[in-house]
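J.: Sharing a structure, written as structure tokens. Questions coming.
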Amino acid sequence: MNIYVLLKRTFDTEEKIAVNGGAIADDGAEYIINPYDEYAVEEAINLRDAHGGEVTVVTIGEEDAEKQLRTALAMGADKAVLINTEDDLEEGDQFTTVKILEAFFEGKEADIILAGNVAIDEASGQVGPRLAERLDIACVTTITKIEVDGTTVNIERDVEGDVEKVETSLPLLVTCQQGLNEPRYPSLPGIMKAKKKPLEELEIDDLDLEEDDVEAKTTTMEIFLPPAKEAGKVLEGEVDDQVKELVSLLKTEAKVL
Amino acid sequence: MSKKVLVIGESREGSLRNVTFEAIAAANLVSDGGEVVGVLCGDGDLKGMAQEMVYYGAARVITVSNPELKTYTSDGYAQAVQQVIDDESPEGIIMGHTAIGKDLTPKLASRLESGLISDATEVVVEGGDIVFTRPIYSGKAFEKKKITDGLIFATIRPNNIPSLNRDDSLTGAVSEKEVQISNIRTIIKEVLKKSSDGVDLSEAKVIVAGGRGVKSAEGFEPLEKLAEALGGTVGASRGACDAGYCDYSLQIGQTGKVVTPDLYIACGISGAIQHLAGMSNSKVIVAVNKDPEANIFNVADYGIVGDLFDVIPKLTEEIKQMKVNA
Ligand SMILES: Cc1cc2nc3c(=O)[nH]c(=O)nc-3n(C[C@H](O)[C@H](O)[C@H](O)COP(=O)(O)OP(=O)(O)OC[C@H]3O[C@@H](n4cnc5c(N)ncnc54)[C@H](O)[C@@H]3O)c2cc1C
Ligand SMILES: Cc1cc2nc3c(=O)[nH]c(=O)nc-3n(C[C@H](O)[C@H](O)[C@H](O)COP(=O)(O)OP(=O)(O)OC[C@H]3O[C@@H](n4cnc5c(N)ncnc54)[C@H](O)[C@@H]3O)c2cc1C
């Protein structure tokens, strides 16, 4: 199988967020593979091990994203591609990202593309389904189980807590939801091997794209932090009194009962 | 500039979801005196629901009934809505940021080569621009975004934009549209209902959430009773899900659901940053934890330091008592 994973480099979930000069401050921030994309990498490796083929991990980003790609290679992916937009593009949105991915996938004959359900930073959840539409392949979002048998694919997906069982066929794009698997940690031999695995770097020029083709359709006007919460009230006394006071506060002060 | 704005309605078990009414209110703003047109897809008689959309502010509603639309599939719904869009040439489209909204709208935006602003919590008109506020970094920050080119297309997060008041003196045409649907590439074999009460976490007004402090699957029972007394639903931390006390579908946080209920009661949850990301924008937060140093108290409006197995049943009784007295 010709398997692809879409991977985004994101802030570590432990990071506190600060705004500096109208943008998210990123100095000293730790980065990770978007957690949902880790599920995608893990599942891709399992599919390859079961059905043969090759796993290619693709990122659009800047030079720094090489680290996350190497991690995916160390987990067991075979090849990585970094589409580096650093020198060519200033602004971009989901339209931009998908235009670039669409051009990348032209002629690739992917059997399955695994993406994350959502990126934990910008969090639109658009990239997977948008790309599937451009490539005119079926798309199943928020999957928690997948079995491939020939070209038939059986999937379980999470729909707001319910489990939907879906049958579809390759070629296919899926977006991965928590519960799909437990991503492995890269092993030491894996890390050694990853250093020698191919990591191709492309620019939009290589994909026959120009700046105008990928111009964003949206723009960010302002970034701000939520208002700091005032310290709350810790209730005193015996449990019975605390409970009575709480109900009374919820009723009269907070007005939520 | 006044616009024609479509609202893609959504129902669950035969009635419209609240977020549909909220979407009408958002569309009303976006339309700026133009026309808000409801769209409802399904199978069978959709007139009753279409009428509800009118009462909540839609100028007219287009219903699309077809056996292929009995259950949601991305291919089926995308084709149906696309045909309505072709007829209507709207300048805006608004839908709820629900499982269906998240699945359908990127597909449509991609077909239309348009921008899409997902998961907006506020819509305002600012100097002629329609500006959407949306959480980023799981609610650790917010951004204001606008569409720079073409269709104003957005999904709105449930529970954030107030709907207009229902007014059953409002009138509006309900028309039927026939559509052709072919080549649905996904077949829904079965749906296993896990959410017991039909209230989705993202739309719940009250959430009682349990963490590792709940200690077992049985430990969730007092929380369920409290949720029931409050007309709410139960959620969980990843700690509780990882420990196998409950299903992952209940997980709230950075890699779970992001929720904004009126009341969030955190029981035996320490308040890890990833958990806070999913719930700290709730309107009122109550924390019950036996550790006075627990981080959850830093975001709680009201805190009780104590054993949840003692506090929660007493709280449930007190709430029930209050309801009896009311
Ligand atoms: C040239 C360019 C400039 C940009 N400039 C900015 C900027 O100034 N400010 C800003 O906030 N954002 C910028 N972006 C990022 C953009 O706004 C979105 O973050 C990006 O389109 C992904 O959307 P999302 O984060 O909502 O991902 P989602 O749609 O939530 O992601 C879902 C899944 O799609 C896949 N995916 C998402 N992004 C990528 C990626 N980059 N590479 C590979 N797979 C991916 C992953 O599998 C992910 O799990 C830029 C993007 C580009 C291409
Ligand atoms: C990439 C990543 C993503 C993550 N995403 C999420 C996410 O989406 N959501 C999420 O929740 N977490 C997430 N986490 C995990 C998070 O870091 C914490 O581990 C988790 O939230 C802890 O769950 P907890 O508060 O239930 O457990 P603990 O931290 O173990 O806290 C249990 C609490 O219960 C209290 N307690 C114990 N017994 C009682 C009692 N009888 N009465 C009252 N209080 C009691 C204790 O004092 C303690 O504060 C993520 C982590 C990572 C690395």
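Please note that chains go A, B, ... in the order of the structure tokens, that every chain numbers its residues from 1, and that ligands are numbered from 1 in the order shown.
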Excluding Arg60 of chain B and any residue of its chain fewer than 6 positions from it, enumerate the residues within 10 Å of it, using only C-alpha atoms, and give them as number ranges by chain.
T.: B: 6, 35-39, 50-51, 53-54, 171-175
J.: Grab me every residue within 6 Å of ligand 2, counting only C-alpha atoms and all ligand atoms, and send it over as number ranges by chain.
T.: A: 13, 35; B: 211-213, 237-240, 251-256, 268-272, 274-275, 288-291, 294, 306-309
J.: Those same residues, written as a compact mmCIF listing (two decimals), in the first residue's frame with N, CA, C and O atoms?
T.:
```
# COMPACT_ATOMS: atom_id res chain seq x y z
N THR A 13 1.64 20.44 24.30
CA THR A 13 0.40 20.72 25.03
C THR A 13 0.66 21.34 26.41
O THR A 13 -0.23 21.92 27.01
N PRO A 35 -0.66 15.82 18.41
CA PRO A 35 -1.01 14.52 19.00
C PRO A 35 -1.88 13.64 18.10
O PRO A 35 -1.70 12.43 18.06
N GLY B 211 -12.59 12.79 37.38
CA GLY B 211 -11.20 12.49 37.05
C GLY B 211 -10.74 11.23 37.73
O GLY B 211 -11.56 10.43 38.21
N ARG B 212 -9.44 11.09 37.79
CA ARG B 212 -8.86 9.90 38.40
C ARG B 212 -9.33 9.73 39.85
O ARG B 212 -9.39 8.63 40.36
N GLY B 213 -9.68 10.86 40.47
CA GLY B 213 -10.15 10.82 41.85
C GLY B 213 -11.44 10.04 42.03
O GLY B 213 -11.82 9.67 43.14
N SER B 237 -11.97 13.58 32.69
CA SER B 237 -10.60 13.96 32.34
C SER B 237 -9.97 12.79 31.60
O SER B 237 -10.48 11.67 31.63
N ARG B 238 -8.83 13.05 30.99
CA ARG B 238 -8.13 11.95 30.34
C ARG B 238 -7.63 10.94 31.37
O ARG B 238 -7.57 9.76 31.09
N GLY B 239 -7.32 11.45 32.56
CA GLY B 239 -6.90 10.55 33.63
C GLY B 239 -7.93 9.45 33.84
O GLY B 239 -7.60 8.27 33.92
N ALA B 240 -9.20 9.84 33.91
CA ALA B 240 -10.27 8.88 34.13
C ALA B 240 -10.45 7.96 32.92
O ALA B 240 -10.69 6.77 33.06
N GLN B 251 -14.06 12.36 27.15
CA GLN B 251 -12.88 13.16 27.52
C GLN B 251 -13.01 14.63 27.14
O GLN B 251 -13.34 14.98 26.01
N ILE B 252 -12.69 15.47 28.11
CA ILE B 252 -12.71 16.91 27.89
C ILE B 252 -11.28 17.42 27.97
O ILE B 252 -10.51 16.99 28.83
N GLY B 253 -10.90 18.29 27.06
CA GLY B 253 -9.55 18.85 27.13
C GLY B 253 -8.95 19.07 25.76
O GLY B 253 -9.64 19.00 24.75
N GLN B 254 -7.66 19.29 25.79
CA GLN B 254 -6.96 19.66 24.57
C GLN B 254 -7.06 18.59 23.49
O GLN B 254 -7.10 18.90 22.32
N THR B 255 -7.06 17.32 23.91
CA THR B 255 -7.22 16.25 22.93
C THR B 255 -8.57 15.56 23.10
O THR B 255 -8.74 14.42 22.72
N GLY B 256 -9.50 16.26 23.70
CA GLY B 256 -10.85 15.73 23.82
C GLY B 256 -11.83 16.79 23.36
O GLY B 256 -11.54 17.56 22.47
N GLY B 268 -12.65 15.46 41.51
CA GLY B 268 -11.46 14.61 41.52
C GLY B 268 -10.61 14.78 40.27
O GLY B 268 -10.08 13.84 39.73
N ILE B 269 -10.53 16.02 39.81
CA ILE B 269 -9.72 16.37 38.64
C ILE B 269 -8.67 17.37 39.11
O ILE B 269 -9.00 18.37 39.75
N SER B 270 -7.40 17.10 38.78
CA SER B 270 -6.33 17.95 39.33
C SER B 270 -6.23 19.30 38.63
O SER B 270 -5.79 20.27 39.21
N GLY B 271 -6.64 19.34 37.35
CA GLY B 271 -6.58 20.61 36.62
C GLY B 271 -5.31 20.77 35.81
O GLY B 271 -4.72 21.86 35.76
N ALA B 272 -4.89 19.69 35.14
CA ALA B 272 -3.74 19.76 34.23
C ALA B 272 -4.04 20.75 33.11
O ALA B 272 -5.21 20.92 32.73
N GLN B 274 -3.79 20.59 30.04
CA GLN B 274 -4.53 20.04 28.89
C GLN B 274 -6.01 19.89 29.20
O GLN B 274 -6.85 19.93 28.31
N HIS B 275 -6.32 19.67 30.47
CA HIS B 275 -7.73 19.58 30.83
C HIS B 275 -8.36 20.98 30.85
O HIS B 275 -9.44 21.18 30.30
N VAL B 288 -14.41 20.20 43.11
CA VAL B 288 -14.42 19.42 44.35
C VAL B 288 -13.18 18.54 44.31
O VAL B 288 -13.04 17.70 43.41
N ASN B 289 -12.27 18.78 45.25
CA ASN B 289 -11.01 18.04 45.24
C ASN B 289 -10.49 17.98 46.67
O ASN B 289 -10.62 18.95 47.42
N LYS B 290 -9.91 16.84 47.02
CA LYS B 290 -9.46 16.75 48.43
C LYS B 290 -8.10 17.42 48.65
O LYS B 290 -7.70 17.62 49.80
N ASP B 291 -7.46 17.79 47.57
CA ASP B 291 -6.16 18.46 47.70
C ASP B 291 -6.33 19.97 47.55
O ASP B 291 -6.63 20.47 46.46
N ALA B 294 -4.67 21.69 44.61
CA ALA B 294 -4.93 21.26 43.23
C ALA B 294 -5.12 22.47 42.31
O ALA B 294 -5.79 23.44 42.67
N GLY B 306 -12.55 18.65 49.72
CA GLY B 306 -13.16 17.53 50.43
C GLY B 306 -13.21 16.29 49.58
O GLY B 306 -12.76 16.30 48.42
N ASP B 307 -13.76 15.26 50.17
CA ASP B 307 -13.86 13.96 49.49
C ASP B 307 -15.11 13.97 48.61
O ASP B 307 -16.22 14.17 49.09
N LEU B 308 -14.91 13.74 47.34
CA LEU B 308 -16.05 13.84 46.42
C LEU B 308 -17.15 12.84 46.76
O LEU B 308 -18.33 13.10 46.52
N PHE B 309 -16.76 11.69 47.35
CA PHE B 309 -17.78 10.67 47.66
C PHE B 309 -18.66 11.11 48.83
O PHE B 309 -19.73 10.56 49.06
```
J.: With only C-alpha atoms as the atoms that count, which of A:Lys196, A:Lys108, A:Lys67, A:Lys99 lies nearest to chain B?
T.: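 With only C-alpha atoms as the atom set, the closest residue is A:Lys99.
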J.: Compute the set of protein, DNA and RNA residues whose minimum atom distance to ligand 1 is at most 6 Å, using only C-alpha atoms and all ligand atoms, and state it as a CSV table (one decimal) with all heavy atoms, in the first residue's frame.
T.:
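And here is the file that came out, result09.csv:
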```
chain,number,residue,atom,x,y,z
A,6,LEU,N,-0.3,13.0,6.9
A,6,LEU,CA,-0.1,14.5,7.0
A,6,LEU,C,0.2,14.8,8.4
A,6,LEU,O,-0.5,14.5,9.3
A,6,LEU,CB,-1.4,15.2,6.6
A,6,LEU,CG,-2.1,14.8,5.3
A,6,LEU,CD1,-3.3,15.6,5.1
A,6,LEU,CD2,-1.1,15.0,4.1
A,7,LEU,N,1.3,15.5,8.6
A,7,LEU,CA,1.8,15.8,9.9
A,7,LEU,C,2.1,17.3,10.1
A,7,LEU,O,2.7,17.9,9.3
A,7,LEU,CB,3.1,15.0,10.1
A,7,LEU,CG,3.8,15.0,11.5
A,7,LEU,CD1,4.6,13.7,11.7
A,7,LEU,CD2,4.7,16.2,11.6
A,8,LYS,N,1.6,17.8,11.2
A,8,LYS,CA,1.8,19.2,11.5
A,8,LYS,C,2.6,19.3,12.8
A,8,LYS,O,2.4,18.5,13.8
A,8,LYS,CB,0.5,19.9,11.7
A,8,LYS,CG,0.7,21.4,11.9
A,8,LYS,CD,-0.6,22.2,12.0
A,8,LYS,CE,-0.4,23.7,12.0
A,8,LYS,NZ,-1.6,24.5,12.3
A,36,TYR,N,-2.8,14.2,17.4
A,36,TYR,CA,-3.7,13.4,16.5
A,36,TYR,C,-2.9,12.9,15.3
A,36,TYR,O,-3.2,11.8,14.8
A,36,TYR,CB,-4.8,14.2,16.0
A,36,TYR,CG,-5.8,14.7,17.1
A,36,TYR,CD1,-5.7,15.9,17.6
A,36,TYR,CD2,-6.8,13.8,17.5
A,36,TYR,CE1,-6.6,16.3,18.7
A,36,TYR,CE2,-7.6,14.1,18.5
A,36,TYR,CZ,-7.6,15.4,19.1
A,36,TYR,OH,-8.4,15.8,20.1
A,37,ASP,N,-1.8,13.6,14.9
A,37,ASP,CA,-1.0,13.1,13.8
A,37,ASP,C,-0.1,11.9,14.3
A,37,ASP,O,0.3,11.1,13.5
A,37,ASP,CB,-0.2,14.2,13.2
A,37,ASP,CG,-1.0,15.4,12.8
A,37,ASP,OD1,-2.3,15.3,12.9
A,37,ASP,OD2,-0.5,16.4,12.5
A,58,VAL,N,4.3,13.7,5.4
A,58,VAL,CA,4.4,15.0,4.7
A,58,VAL,C,4.1,16.1,5.6
A,58,VAL,O,3.1,16.1,6.3
A,58,VAL,CB,3.4,15.0,3.5
A,58,VAL,CG1,3.7,16.3,2.7
A,58,VAL,CG2,3.5,13.8,2.7
A,59,THR,N,4.9,17.1,5.6
A,59,THR,CA,4.7,18.3,6.4
A,59,THR,C,4.8,19.6,5.6
A,59,THR,O,5.8,19.6,4.8
A,59,THR,CB,5.7,18.5,7.6
A,59,THR,OG1,5.2,17.6,8.6
A,59,THR,CG2,5.7,19.8,8.2
A,60,ILE,N,4.0,20.5,5.7
A,60,ILE,CA,4.2,21.9,5.2
A,60,ILE,C,4.7,22.7,6.4
A,60,ILE,O,4.0,22.8,7.4
A,60,ILE,CB,3.0,22.5,4.6
A,60,ILE,CG1,2.4,21.6,3.5
A,60,ILE,CG2,3.3,23.9,4.0
A,60,ILE,CD1,1.1,22.1,2.9
A,61,GLY,N,5.8,23.3,6.2
A,61,GLY,CA,6.3,24.1,7.3
A,61,GLY,C,7.6,24.7,7.0
A,61,GLY,O,7.9,25.0,5.9
A,85,THR,N,8.0,26.4,3.0
A,85,THR,CA,7.4,27.6,2.5
A,85,THR,C,8.1,28.9,3.0
A,85,THR,O,7.7,30.0,2.6
A,85,THR,CB,5.9,27.7,2.8
A,85,THR,OG1,5.7,27.6,4.2
A,85,THR,CG2,5.1,26.6,2.2
A,89,LEU,N,6.4,32.2,1.0
A,89,LEU,CA,5.1,32.6,1.4
A,89,LEU,C,5.1,33.3,2.8
A,89,LEU,O,5.8,32.8,3.7
A,89,LEU,CB,4.2,31.4,1.5
A,89,LEU,CG,4.0,30.6,0.2
A,89,LEU,CD1,3.1,29.4,0.4
A,89,LEU,CD2,3.3,31.5,-0.9
A,90,GLU,N,4.4,34.3,2.9
A,90,GLU,CA,4.3,35.0,4.2
A,90,GLU,C,3.1,34.5,4.9
A,90,GLU,O,3.1,34.1,6.1
A,90,GLU,CB,4.1,36.5,4.0
A,90,GLU,CG,5.4,37.2,3.6
A,90,GLU,CD,6.1,37.8,4.8
A,90,GLU,OE1,5.5,38.5,5.6
A,90,GLU,OE2,7.3,37.6,4.9
A,91,GLU,N,1.9,34.7,4.2
A,91,GLU,CA,0.7,34.3,4.9
A,91,GLU,C,0.1,33.1,4.3
A,91,GLU,O,0.4,32.7,3.2
A,91,GLU,CB,-0.3,35.5,4.7
A,91,GLU,CG,0.0,36.6,5.6
A,91,GLU,CD,-1.2,37.6,5.6
A,91,GLU,OE1,-2.3,37.2,6.0
A,91,GLU,OE2,-0.9,38.7,5.2
A,92,GLY,N,-0.8,32.4,5.1
A,92,GLY,CA,-1.4,31.3,4.5
A,92,GLY,C,-2.6,30.9,5.5
A,92,GLY,O,-2.6,31.3,6.6
A,93,ASP,N,-3.5,30.1,4.9
A,93,ASP,CA,-4.6,29.5,5.8
A,93,ASP,C,-4.8,28.1,5.3
A,93,ASP,O,-4.0,27.5,4.6
A,93,ASP,CB,-5.8,30.4,5.8
A,93,ASP,CG,-6.5,30.5,4.4
A,93,ASP,OD1,-6.0,29.9,3.4
A,93,ASP,OD2,-7.6,31.2,4.3
A,94,GLN,N,-6.0,27.6,5.7
A,94,GLN,CA,-6.3,26.2,5.3
A,94,GLN,C,-6.4,26.0,3.8
A,94,GLN,O,-6.0,25.0,3.2
A,94,GLN,CB,-7.6,25.7,6.0
A,94,GLN,CG,-7.4,25.6,7.5
A,94,GLN,CD,-7.4,26.9,8.3
A,94,GLN,OE1,-7.7,27.9,7.8
A,94,GLN,NE2,-7.0,26.8,9.5
A,96,THR,N,-4.6,27.7,1.6
A,96,THR,CA,-3.2,27.6,1.1
A,96,THR,C,-2.6,26.2,1.3
A,96,THR,O,-2.1,25.6,0.4
A,96,THR,CB,-2.4,28.6,2.0
A,96,THR,OG1,-3.1,29.8,2.1
A,96,THR,CG2,-1.0,28.8,1.4
A,97,THR,N,-2.8,25.7,2.6
A,97,THR,CA,-2.2,24.4,2.9
A,97,THR,C,-2.7,23.3,2.0
A,97,THR,O,-2.0,22.5,1.5
A,97,THR,CB,-2.6,24.1,4.4
A,97,THR,OG1,-2.0,25.1,5.2
A,97,THR,CG2,-2.1,22.8,4.8
A,115,ALA,N,-4.6,11.7,8.2
A,115,ALA,CA,-4.4,13.0,8.8
A,115,ALA,C,-4.9,13.0,10.2
A,115,ALA,O,-5.5,12.0,10.7
A,115,ALA,CB,-5.2,14.1,8.0
A,116,GLY,N,-4.6,14.0,11.0
A,116,GLY,CA,-5.2,14.2,12.3
A,116,GLY,C,-6.6,14.7,12.2
A,116,GLY,O,-6.9,15.4,11.2
A,117,ASN,N,-7.4,14.5,13.2
A,117,ASN,CA,-8.7,15.1,13.2
A,117,ASN,C,-8.7,16.6,13.3
A,117,ASN,O,-9.5,17.3,12.6
A,117,ASN,CB,-9.4,14.4,14.5
A,117,ASN,CG,-10.5,15.2,15.1
A,117,ASN,OD1,-11.3,15.8,14.3
A,117,ASN,ND2,-10.6,15.2,16.4
A,118,VAL,N,-7.7,17.1,14.0
A,118,VAL,CA,-7.6,18.5,14.2
A,118,VAL,C,-6.2,18.8,14.7
A,118,VAL,O,-5.5,18.0,15.3
A,118,VAL,CB,-8.7,19.0,15.2
A,118,VAL,CG1,-8.4,18.5,16.6
A,118,VAL,CG2,-8.8,20.5,15.2
A,119,ALA,N,-5.7,20.0,14.3
A,119,ALA,CA,-4.4,20.4,14.8
A,119,ALA,C,-4.6,21.2,16.1
A,119,ALA,O,-5.5,22.0,16.1
A,119,ALA,CB,-3.7,21.3,13.8
A,121,ASP,N,-3.3,23.6,17.5
A,121,ASP,CA,-3.0,25.0,17.6
A,121,ASP,C,-4.1,25.8,16.9
A,121,ASP,O,-5.0,26.4,17.5
A,121,ASP,CB,-1.6,25.4,17.1
A,121,ASP,CG,-1.2,24.7,15.8
A,121,ASP,OD1,-2.1,24.1,15.1
A,121,ASP,OD2,-0.1,24.8,15.4
A,122,GLU,N,-4.1,25.8,15.5
A,122,GLU,CA,-5.1,26.6,14.8
A,122,GLU,C,-6.5,25.9,14.8
A,122,GLU,O,-7.5,26.5,14.6
A,122,GLU,CB,-4.7,26.8,13.3
A,122,GLU,CG,-3.6,27.8,13.2
A,122,GLU,CD,-4.3,29.2,13.2
A,122,GLU,OE1,-5.1,29.5,12.4
A,122,GLU,OE2,-4.0,30.0,14.2
A,123,ALA,N,-6.5,24.6,14.9
A,123,ALA,CA,-7.7,23.8,15.2
A,123,ALA,C,-8.9,24.0,14.4
A,123,ALA,O,-10.0,24.0,14.9
A,123,ALA,CB,-8.1,24.1,16.7
A,124,SER,N,-8.7,24.1,13.1
A,124,SER,CA,-9.9,24.2,12.2
A,124,SER,C,-10.5,22.9,11.9
A,124,SER,O,-11.7,22.8,11.5
A,124,SER,CB,-9.6,25.0,10.9
A,124,SER,OG,-8.9,24.2,10.1
A,125,GLY,N,-9.6,21.9,11.9
A,125,GLY,CA,-10.1,20.5,11.4
A,125,GLY,C,-10.5,20.5,9.9
A,125,GLY,O,-11.2,19.6,9.5
A,126,GLN,N,-10.0,21.5,9.2
A,126,GLN,CA,-10.4,21.5,7.8
A,126,GLN,C,-9.5,20.7,6.8
A,126,GLN,O,-10.0,20.3,5.7
A,126,GLN,CB,-10.4,23.0,7.3
A,126,GLN,CG,-11.4,23.9,7.9
A,126,GLN,CD,-11.3,25.3,7.4
A,126,GLN,OE1,-10.8,25.6,6.4
A,126,GLN,NE2,-11.9,26.2,8.2
A,127,VAL,N,-8.3,20.6,7.1
A,127,VAL,CA,-7.3,20.2,6.1
A,127,VAL,C,-7.6,18.8,5.5
A,127,VAL,O,-7.6,18.6,4.3
A,127,VAL,CB,-5.9,20.2,6.7
A,127,VAL,CG1,-4.9,19.5,5.8
A,127,VAL,CG2,-5.4,21.7,6.9
A,128,GLY,N,-8.0,17.8,6.4
A,128,GLY,CA,-8.3,16.5,5.9
A,128,GLY,C,-9.4,16.5,4.9
A,128,GLY,O,-9.2,16.1,3.7
```
J.: Would you pick out the contacts of Ser118 of chain B at 9 Å or less, using only C-alpha atoms, so that residues sharing its chain but fewer than 3 positions from it are not included, and give the list as an NGL selection string?
T.: (:A and (123-126)) or (:B and (97 or 102 or 105-106 or 134 or 153-157))
J.: Can you write out the residues you just picked, keeping N, CA, C and O atoms, as a PDB file, in the first residue's frame?
T.:
```pdb
ATOM      1  N   ALA A 123      -6.490  24.578  14.881  1.00  0.00           N
ATOM      2  CA  ALA A 123      -7.684  23.808  15.226  1.00  0.00           C
ATOM      3  C   ALA A 123      -8.923  23.991  14.352  1.00  0.00           C
ATOM      4  O   ALA A 123     -10.028  23.995  14.853  1.00  0.00           O
ATOM      5  N   SER A 124      -8.745  24.135  13.066  1.00  0.00           N
ATOM      6  CA  SER A 124      -9.937  24.241  12.227  1.00  0.00           C
ATOM      7  C   SER A 124     -10.499  22.877  11.865  1.00  0.00           C
ATOM      8  O   SER A 124     -11.677  22.752  11.544  1.00  0.00           O
ATOM      9  N   GLY A 125      -9.647  21.861  11.853  1.00  0.00           N
ATOM     10  CA  GLY A 125     -10.098  20.542  11.404  1.00  0.00           C
ATOM     11  C   GLY A 125     -10.458  20.493   9.931  1.00  0.00           C
ATOM     12  O   GLY A 125     -11.161  19.591   9.488  1.00  0.00           O
ATOM     13  N   GLN A 126      -9.997  21.460   9.166  1.00  0.00           N
ATOM     14  CA  GLN A 126     -10.420  21.533   7.759  1.00  0.00           C
ATOM     15  C   GLN A 126      -9.542  20.739   6.802  1.00  0.00           C
ATOM     16  O   GLN A 126     -10.006  20.297   5.740  1.00  0.00           O
TER      17      GLN A 126
ATOM     18  N   HIS B  97     -20.746  24.067  14.532  1.00  0.00           N
ATOM     19  CA  HIS B  97     -19.478  23.320  14.546  1.00  0.00           C
ATOM     20  C   HIS B  97     -19.706  22.022  15.321  1.00  0.00           C
ATOM     21  O   HIS B  97     -19.247  21.834  16.436  1.00  0.00           O
ATOM     22  N   LYS B 102     -18.417  19.829  11.110  1.00  0.00           N
ATOM     23  CA  LYS B 102     -16.969  19.701  10.911  1.00  0.00           C
ATOM     24  C   LYS B 102     -16.642  18.843   9.712  1.00  0.00           C
ATOM     25  O   LYS B 102     -15.592  18.981   9.104  1.00  0.00           O
ATOM     26  N   THR B 105     -18.618  21.050   6.186  1.00  0.00           N
ATOM     27  CA  THR B 105     -18.258  22.397   5.716  1.00  0.00           C
ATOM     28  C   THR B 105     -16.887  22.483   5.024  1.00  0.00           C
ATOM     29  O   THR B 105     -16.783  23.180   4.019  1.00  0.00           O
ATOM     30  N   PRO B 106     -15.849  21.764   5.504  1.00  0.00           N
ATOM     31  CA  PRO B 106     -14.580  21.854   4.771  1.00  0.00           C
ATOM     32  C   PRO B 106     -14.702  21.294   3.354  1.00  0.00           C
ATOM     33  O   PRO B 106     -14.076  21.789   2.411  1.00  0.00           O
ATOM     34  N   ARG B 134     -12.529  33.245  17.364  1.00  0.00           N
ATOM     35  CA  ARG B 134     -12.470  31.792  17.563  1.00  0.00           C
ATOM     36  C   ARG B 134     -11.314  31.437  18.483  1.00  0.00           C
ATOM     37  O   ARG B 134     -10.288  32.101  18.496  1.00  0.00           O
ATOM     38  N   PHE B 153     -18.115  32.225   5.021  1.00  0.00           N
ATOM     39  CA  PHE B 153     -18.460  30.847   5.378  1.00  0.00           C
ATOM     40  C   PHE B 153     -17.874  30.566   6.756  1.00  0.00           C
ATOM     41  O   PHE B 153     -16.681  30.781   6.981  1.00  0.00           O
ATOM     42  N   ALA B 154     -18.732  30.123   7.676  1.00  0.00           N
ATOM     43  CA  ALA B 154     -18.237  29.876   9.034  1.00  0.00           C
ATOM     44  C   ALA B 154     -19.061  28.810   9.732  1.00  0.00           C
ATOM     45  O   ALA B 154     -20.234  28.599   9.418  1.00  0.00           O
ATOM     46  N   THR B 155     -18.421  28.136  10.674  1.00  0.00           N
ATOM     47  CA  THR B 155     -19.170  27.293  11.604  1.00  0.00           C
ATOM     48  C   THR B 155     -19.076  27.933  12.984  1.00  0.00           C
ATOM     49  O   THR B 155     -18.084  28.566  13.317  1.00  0.00           O
ATOM     50  N   ILE B 156     -20.144  27.766  13.766  1.00  0.00           N
ATOM     51  CA  ILE B 156     -20.153  28.371  15.100  1.00  0.00           C
ATOM     52  C   ILE B 156     -20.196  27.293  16.172  1.00  0.00           C
ATOM     53  O   ILE B 156     -20.844  26.261  16.019  1.00  0.00           O
ATOM     54  N   ARG B 157     -19.479  27.554  17.238  1.00  0.00           N
ATOM     55  CA  ARG B 157     -19.436  26.602  18.352  1.00  0.00           C
ATOM     56  C   ARG B 157     -20.757  26.654  19.111  1.00  0.00           C
ATOM     57  O   ARG B 157     -21.242  27.740  19.445  1.00  0.00           O
TER      58      ARG B 157
END
```
J.: Which residues come within 10 Å of Lys283 of chain B, counting only C-alpha atoms, excluding same-chain residues fewer than 2 positions away, as an NGL selection string?
T.: (:A and (254 or 256)) or (:B and (205 or 260-264 or 279-281 or 285 or 301))
J.: Can those selected residues be exported to a file as an mmCIF file, in the first residue's frame so that it contains C-alpha atoms?
T.:
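Saved file out-v8.cif follows:
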```cif
data_model
loop_
_atom_site.group_PDB
_atom_site.id
_atom_site.type_symbol
_atom_site.label_atom_id
_atom_site.label_comp_id
_atom_site.auth_asym_id
_atom_site.auth_seq_id
_atom_site.Cartn_x
_atom_site.Cartn_y
_atom_site.Cartn_z
ATOM 1 C CA ALA A 254 -23.889 32.782 39.644
ATOM 2 C CA VAL A 256 -26.973 29.030 36.883
ATOM 3 C CA LYS B 205 -25.701 23.358 29.781
ATOM 4 C CA THR B 260 -18.454 25.832 27.406
ATOM 5 C CA PRO B 261 -21.441 24.902 29.575
ATOM 6 C CA ASP B 262 -23.135 27.296 31.975
ATOM 7 C CA LEU B 263 -21.981 25.127 34.862
ATOM 8 C CA TYR B 264 -18.991 22.785 35.002
ATOM 9 C CA MET B 279 -13.209 23.643 29.994
ATOM 10 C CA SER B 280 -11.786 26.865 31.388
ATOM 11 C CA ASN B 281 -14.122 28.999 29.276
ATOM 12 C CA ILE B 285 -16.778 26.348 37.366
ATOM 13 C CA ASP B 301 -15.368 30.118 40.764
#
```
J.: Check segment 12-208 of chain A with DSSP on the backbone and list each residue it calls alpha helix (DSSP H), as JSON, numbers by chain.
T.: {"A": [35, 36, 37, 38, 39, 40, 41, 42, 43, 44, 45, 46, 47, 48, 49, 50, 51, 66, 67, 68, 69, 70, 71, 72, 73, 74, 75, 94, 95, 96, 97, 98, 99, 100, 101, 102, 103, 104, 105, 127, 128, 129, 130, 131, 132, 133, 134, 135, 188, 189, 190, 191, 192, 193, 194]}
